[in-house]
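Trainee: Dropping in upload.cif, with mmCIF, C-alpha atoms.
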```cif
data_query
#
loop_
_atom_site.label_atom_id
_atom_site.label_comp_id
_atom_site.auth_asym_id
_atom_site.auth_seq_id
_atom_site.Cartn_x
_atom_site.Cartn_y
_atom_site.Cartn_z
CA MET A 30 110.47 77.86 139.98
CA ASN A 31 113.30 79.63 141.74
CA THR A 32 116.21 77.32 142.71
CA LYS A 33 116.51 78.83 146.20
CA LEU A 34 112.80 78.31 146.84
CA LEU A 35 113.00 74.71 145.62
CA THR A 36 116.02 74.07 147.87
CA LEU A 37 114.25 75.60 150.86
CA LEU A 38 111.11 73.51 150.27
CA THR A 39 113.25 70.38 150.02
CA ILE A 40 115.04 71.17 153.28
CA VAL A 41 111.76 71.90 155.08
CA SER A 42 110.15 68.68 153.85
CA ILE A 43 113.20 66.62 154.84
CA GLY A 44 113.20 68.26 158.28
CA ALA A 45 109.50 67.56 158.73
CA ALA A 46 109.97 63.93 157.72
CA ALA A 47 112.90 63.58 160.13
CA GLY A 48 110.85 65.10 162.94
CA THR A 49 108.00 62.68 162.28
CA ALA A 50 110.41 59.74 162.24
CA THR A 51 111.99 60.88 165.51
CA ALA A 52 108.58 61.20 167.18
CA ALA A 53 107.62 57.75 165.91
CA ASN A 54 110.85 56.26 167.28
CA LYS A 55 110.29 57.85 170.69
CA SER A 56 106.74 56.53 170.92
CA THR A 57 107.90 53.06 169.85
CA GLU A 58 110.65 53.06 172.48
CA SER A 59 108.29 54.07 175.25
CA THR A 60 105.84 51.28 174.40
CA LYS A 61 108.28 48.47 173.55
CA ALA A 62 106.68 45.10 173.95
CA THR A 63 109.94 43.38 174.84
CA THR A 64 112.91 43.93 177.10
CA VAL A 65 116.02 41.80 176.84
CA GLU A 66 118.78 41.67 179.43
CA PHE A 67 122.06 39.76 179.41
CA LEU A 68 123.32 38.93 182.92
CA GLU A 69 127.13 38.91 182.94
CA PRO A 70 127.66 38.05 179.25
CA GLU A 71 131.41 37.86 179.83
CA ARG A 72 130.72 34.69 181.85
CA PHE A 73 128.54 33.03 179.21
CA THR A 74 129.73 29.61 178.03
CA ASP A 75 130.24 30.67 174.40
CA PHE A 76 128.98 34.05 173.23
CA ARG A 77 131.45 35.11 170.55
CA SER A 78 131.79 34.66 166.82
CA SER A 79 135.57 34.27 166.84
CA GLN A 80 137.74 32.24 169.15
CA PHE A 81 139.46 35.30 170.60
CA GLY A 82 136.46 37.65 170.61
CA GLY A 83 136.25 40.22 173.38
CA THR A 84 133.76 42.52 175.05
CA SER A 85 133.03 44.60 171.95
CA GLU A 86 132.14 41.45 170.02
CA GLN A 87 129.85 40.29 172.85
CA ASN A 88 128.15 43.71 172.85
CA SER A 89 127.66 43.46 169.10
CA LEU A 90 126.17 39.96 169.37
CA ALA A 91 123.94 41.04 172.27
CA SER A 92 122.67 44.01 170.29
CA GLU A 93 121.99 41.85 167.23
CA LEU A 94 120.22 39.19 169.30
CA ARG A 95 118.14 41.85 171.10
CA ARG A 96 116.96 43.27 167.74
CA GLU A 97 115.98 39.81 166.50
CA ILE A 98 114.08 38.98 169.71
CA GLU A 99 112.22 42.31 169.54
CA ARG A 100 111.33 41.63 165.90
CA ILE A 101 110.04 38.13 166.70
CA SER A 102 108.06 39.15 169.78
CA GLN A 103 106.53 42.10 167.94
CA ARG A 104 105.13 39.60 165.47
CA GLU A 105 104.13 36.91 168.00
CA LEU A 106 103.05 38.82 171.13
CA PRO A 107 99.39 39.90 171.25
CA PRO A 108 98.78 43.65 171.75
CA GLY A 109 98.76 44.76 175.38
CA TYR A 110 101.35 42.28 176.61
CA HIS A 111 105.01 42.76 177.53
CA LEU A 112 107.74 40.11 177.38
CA ALA A 113 110.86 40.37 179.53
CA LEU A 114 113.78 38.00 178.91
CA ARG A 115 116.90 37.72 181.07
CA PHE A 116 119.71 35.54 179.74
CA ARG A 117 121.88 33.84 182.35
CA ASP A 118 123.93 31.85 179.84
CA ILE A 119 124.30 31.36 176.09
CA ASP A 120 126.26 28.65 174.29
CA MET A 121 126.22 29.35 170.57
CA ALA A 122 125.88 26.52 168.06
CA GLY A 123 129.19 25.07 166.93
CA GLU A 124 132.63 25.12 168.46
CA PHE A 125 136.10 26.26 167.56
CA GLU A 126 138.40 23.34 166.78
CA PRO A 127 141.92 24.80 166.95
CA TRP A 128 143.54 21.39 166.43
CA ARG A 129 142.49 21.64 162.78
CA GLY A 130 145.42 23.96 162.19
CA PRO A 131 146.13 27.68 161.82
CA ARG A 132 143.83 28.16 158.84
CA LEU A 133 140.78 26.88 160.71
CA ASP A 134 141.57 27.70 164.35
CA ASP A 135 139.19 30.70 164.29
CA VAL A 136 136.38 29.05 162.31
CA ARG A 137 133.21 27.95 164.12
CA ILE A 138 132.53 24.33 163.17
CA VAL A 139 128.79 23.58 163.33
CA ARG A 140 127.80 19.96 163.90
CA ASP A 141 124.90 18.12 165.50
CA ILE A 142 126.97 17.57 168.65
CA TYR A 143 127.33 21.35 169.19
CA PRO A 144 123.71 22.60 169.49
CA PRO A 145 122.77 26.13 170.59
CA ARG A 146 121.82 26.41 174.26
CA ALA A 147 120.54 29.17 176.51
CA GLU A 148 119.42 29.64 180.09
CA VAL A 149 116.71 32.26 180.25
CA GLU A 150 114.26 33.72 182.76
CA TYR A 151 111.05 35.11 181.31
CA ALA A 152 107.97 37.02 182.37
CA ILE A 153 104.91 38.05 180.39
CA THR A 154 102.83 40.89 181.83
CA ASN A 155 99.64 42.57 180.69
CA ASP A 156 98.93 46.30 180.42
CA ALA A 157 98.01 46.44 184.11
CA GLY A 158 101.43 45.04 185.04
CA GLU A 159 100.05 41.69 186.21
CA VAL A 160 102.32 38.71 185.58
CA ILE A 161 100.52 36.34 183.23
CA ALA A 162 103.34 33.79 182.86
CA SER A 163 106.88 33.50 184.16
CA GLY A 164 109.60 30.95 184.66
CA GLU A 165 113.08 29.78 183.89
CA ARG A 166 114.11 27.58 181.00
CA LYS A 167 117.17 25.77 179.77
CA LEU A 168 116.80 25.83 176.01
CA ILE A 169 118.53 23.50 173.57
CA ASP A 170 117.86 22.96 169.87
CA THR A 171 119.11 19.49 168.94
CA ASN A 172 117.53 19.85 165.48
CA HIS A 173 119.43 23.03 164.57
CA ASN A 174 121.09 21.42 161.54
CA TRP A 175 117.81 20.04 160.18
CA ARG A 176 115.98 23.34 159.74
CA VAL A 177 115.39 24.79 156.30
CA ARG A 178 116.99 28.23 156.10
CA MET A 179 117.13 30.78 153.33
CA SER A 180 120.54 31.99 154.52
CA THR A 181 123.13 30.56 156.85
CA GLN A 182 125.35 33.65 156.69
CA ASP A 183 123.80 35.18 159.83
CA ARG A 184 126.08 34.37 162.75
CA LEU A 185 123.11 33.96 165.14
CA VAL A 186 120.69 32.15 162.84
CA ARG A 187 120.55 28.97 164.93
CA GLU A 188 120.14 30.83 168.22
CA VAL A 189 117.41 33.06 166.73
CA ASP A 190 115.52 29.99 165.46
CA MET A 191 115.68 28.40 168.92
CA LEU A 192 114.47 31.59 170.62
CA ALA A 193 111.68 32.10 168.07
CA ASP A 194 110.36 28.61 168.90
CA PHE A 195 110.57 29.39 172.61
CA ILE A 196 108.74 32.72 172.27
CA ARG A 197 105.98 31.11 170.19
CA GLU A 198 105.62 28.38 172.83
CA ILE A 199 105.23 30.74 175.79
CA VAL A 200 103.01 33.20 173.90
CA ARG A 201 100.65 30.59 172.37
CA PRO A 202 98.38 30.33 175.47
CA LEU A 203 97.72 34.10 175.28
CA ALA A 204 96.04 33.93 171.88
#
```
Written as structure tokens, how would this file's structure read?
Mentor:
Amino acid sequence: MNTKLLTLLTIVSIGAAAGTATAANKSTESTKATTVEFLEPERFTDFRSSQFGGTSEQNSLASELRREIERISQRELPPGYHLALRFRDIDMAGEFEPWRGPRLDDVRIVRDIYPPRAEVEYAITNDAGEVIASGERKLIDTNHNWRVRMSTQDRLVREVDMLADFIREIVRPLA
């Protein structure tokens, strides 16, 4: 087979695959089952992974948390329903203890006395736009250190576990 022809066929097939992926992404975005909003994250109690983290770090954490919530709700939410979450406050598990000295002043120390917390408003709607359930919650996971986890390297693992429990709880009556 001619090398130019083979190259052209490869380029065409890659372009077709990219076009299909782009169309799939657009249709997924237009029918997302979950929306997540962070109200004034710069005023949250503790929404940073380093003691001196700024706006870009908060944006990164918000983006990561949004992805995890969308993944969880995609699995838990029955078809035809939409979940909207609005975070008013987040206090991540652990605290910075600068008195431990310069080597540990930017290390998040996770103990039972520093549980993850969140204040969240939620609404679940059906395809017709009718509100099925809504409310406000102050979440806290006092058992965050007792959970079995495959990895503790994820900086939001405790917050994601707490939110997964919350989503399962509010979605359970829909099943």
Trainee: Apply the PyMOL selection byres ((chain A and resi 139) around 8) to the structure shown and report the selected residues as a short mmCIF file (atom, residue, chain, number, x, y, z; two decimals) with C-alpha atoms, keeping the file's coordinate frame.
Mentor:
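Final output, saved to selection-v2.cif:
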```cif
data_model
loop_
_atom_site.label_atom_id
_atom_site.label_comp_id
_atom_site.auth_asym_id
_atom_site.auth_seq_id
_atom_site.Cartn_x
_atom_site.Cartn_y
_atom_site.Cartn_z
CA ALA A 122 125.88 26.52 168.06
CA GLY A 123 129.19 25.07 166.93
CA GLU A 124 132.63 25.12 168.46
CA ARG A 137 133.21 27.95 164.12
CA ILE A 138 132.53 24.33 163.17
CA ARG A 140 127.80 19.96 163.90
CA ASP A 141 124.90 18.12 165.50
CA TYR A 143 127.33 21.35 169.19
#
```
Trainee: Specify as a list of chain:residue names each residue included when the PyMOL selection byres ((chain A and resi 110) around 10) is applied to this file.
Mentor: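 Going through the file, the PyMOL selection byres ((chain A and resi 110) around 10) ends up selecting A:Lys61, A:Ala62, A:Thr63, A:Leu106, A:Pro107, A:Pro108, A:Gly109, A:His111, A:Leu112, A:Ile153, A:Thr154, A:Asn155, A:Asp156, A:Ala157, A:Gly158, A:Glu159, A:Val160, A:Ile161, A:Val200, A:Leu203.
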Trainee: I'd like the neighbourhood of Glu69 (chain A) as a PyMOL selection string, where a residue qualifies if any of its atoms comes within 12 Å (using all atoms listed in the file), though same-chain residues fewer than 5 positions away should be ignored.
Mentor: chain A and resi 74+76+84+87-88+91+115-119
Trainee: I'd like to know which of A:Thr64, A:Glu93, A:Pro70, A:Asp75 is closest to Arg184 (chain A), using only C-alpha atoms.
Mentor: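 When distances to Arg184 (chain A) are compared using only C-alpha atoms, the smallest one comes from A:Glu93.
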Trainee: Mind giving me the straight-line distance from CA of Leu168 (chain A) to CA of Leu185 (chain A) in Å, one decimal?
Mentor: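 Separating CA of Leu168 (chain A) from CA of Leu185 (chain A) is a distance of 15.0 Å.
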Trainee: Which distance in Å separates CA of His173 (chain A) and CA of Asp194 (chain A), to one decimal?
Mentor: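 CA of His173 (chain A) sits 11.5 Å away from CA of Asp194 (chain A).
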Trainee: Report the distance between CA of Glu99 (chain A) and CA of Pro145 (chain A) in Å, rounded to one decimal place.
Mentor: 19.3 Å
Trainee: Which one of A:Val189, A:Ile199, A:Ala162, A:Val136 sits closest to Ile98 (chain A) if you count all atoms listed in the file?
Mentor: A:Val189
Trainee: For Arg95 (chain A), which of A:Ile142, A:Leu192, A:Leu133, A:Met121 is the closest residue, counting all atoms listed in the file?
Mentor: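 The answer is A:Leu192, which sits nearest to Arg95 (chain A).
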Trainee: Using all atoms listed in the file, determine which residues lie at most 8 Å from Glu165 (chain A), disregarding the query and same-chain residues fewer than 6 positions distant; provide the list as a PDB file with C-alpha atoms, in the frame of the given file.
Mentor:
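Result written to selection-v9.pdb:
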```pdb
ATOM      1  CA  GLU A 148     119.420  29.640 180.090  1.00  0.00           C
ATOM      2  CA  VAL A 149     116.710  32.260 180.250  1.00  0.00           C
ATOM      3  CA  GLU A 150     114.260  33.720 182.760  1.00  0.00           C
ATOM      4  CA  TYR A 151     111.050  35.110 181.310  1.00  0.00           C
TER       5      TYR A 151
END
```
Trainee: Which residue out of A:Glu126, A:Glu97, A:Asp135, A:Glu105 has the minimum interatomic distance to Ser79 (chain A) when only C-alpha atoms are used?
Mentor: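 Residue with the minimum atom-to-atom distance to Ser79 (chain A): A:Asp135.
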Trainee: Return region 115-126 of chain A, completed with N, CA and C atoms, as a PDB file, in the frame of the given file.
Mentor:
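Generated output (result.pdb):
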```
ATOM      1  N   ARG A 115     115.600  37.513 180.429  1.00  0.00           N
ATOM      2  CA  ARG A 115     116.900  37.720 181.070  1.00  0.00           C
ATOM      3  C   ARG A 115     117.749  36.477 180.817  1.00  0.00           C
ATOM      4  N   PHE A 116     118.834  36.666 180.075  1.00  0.00           N
ATOM      5  CA  PHE A 116     119.710  35.540 179.740  1.00  0.00           C
ATOM      6  C   PHE A 116     120.769  35.381 180.818  1.00  0.00           C
ATOM      7  N   ARG A 117     120.847  34.167 181.372  1.00  0.00           N
ATOM      8  CA  ARG A 117     121.880  33.840 182.350  1.00  0.00           C
ATOM      9  C   ARG A 117     123.076  33.158 181.694  1.00  0.00           C
ATOM     10  N   ASP A 118     122.835  32.502 180.552  1.00  0.00           N
ATOM     11  CA  ASP A 118     123.930  31.850 179.840  1.00  0.00           C
ATOM     12  C   ASP A 118     123.513  31.629 178.382  1.00  0.00           C
ATOM     13  N   ILE A 119     124.507  31.682 177.498  1.00  0.00           N
ATOM     14  CA  ILE A 119     124.300  31.360 176.090  1.00  0.00           C
ATOM     15  C   ILE A 119     125.509  30.546 175.634  1.00  0.00           C
ATOM     16  N   ASP A 120     125.225  29.470 174.917  1.00  0.00           N
ATOM     17  CA  ASP A 120     126.260  28.650 174.290  1.00  0.00           C
ATOM     18  C   ASP A 120     125.870  28.554 172.826  1.00  0.00           C
ATOM     19  N   MET A 121     126.562  29.301 171.980  1.00  0.00           N
ATOM     20  CA  MET A 121     126.220  29.350 170.570  1.00  0.00           C
ATOM     21  C   MET A 121     126.451  28.002 169.898  1.00  0.00           C
ATOM     22  N   ALA A 122     125.720  27.749 168.822  1.00  0.00           N
ATOM     23  CA  ALA A 122     125.880  26.520 168.060  1.00  0.00           C
ATOM     24  C   ALA A 122     127.293  26.452 167.495  1.00  0.00           C
ATOM     25  N   GLY A 123     127.849  25.253 167.472  1.00  0.00           N
ATOM     26  CA  GLY A 123     129.190  25.070 166.930  1.00  0.00           C
ATOM     27  C   GLY A 123     130.264  25.301 167.969  1.00  0.00           C
ATOM     28  N   GLU A 124     131.467  24.936 167.596  1.00  0.00           N
ATOM     29  CA  GLU A 124     132.630  25.120 168.460  1.00  0.00           C
ATOM     30  C   GLU A 124     133.836  25.455 167.597  1.00  0.00           C
ATOM     31  N   PHE A 125     134.823  26.028 168.224  1.00  0.00           N
ATOM     32  CA  PHE A 125     136.100  26.260 167.560  1.00  0.00           C
ATOM     33  C   PHE A 125     136.953  25.022 167.772  1.00  0.00           C
ATOM     34  N   GLU A 126     137.574  24.534 166.707  1.00  0.00           N
ATOM     35  CA  GLU A 126     138.400  23.340 166.780  1.00  0.00           C
ATOM     36  C   GLU A 126     139.828  23.723 166.366  1.00  0.00           C
TER      37      GLU A 126
END
```
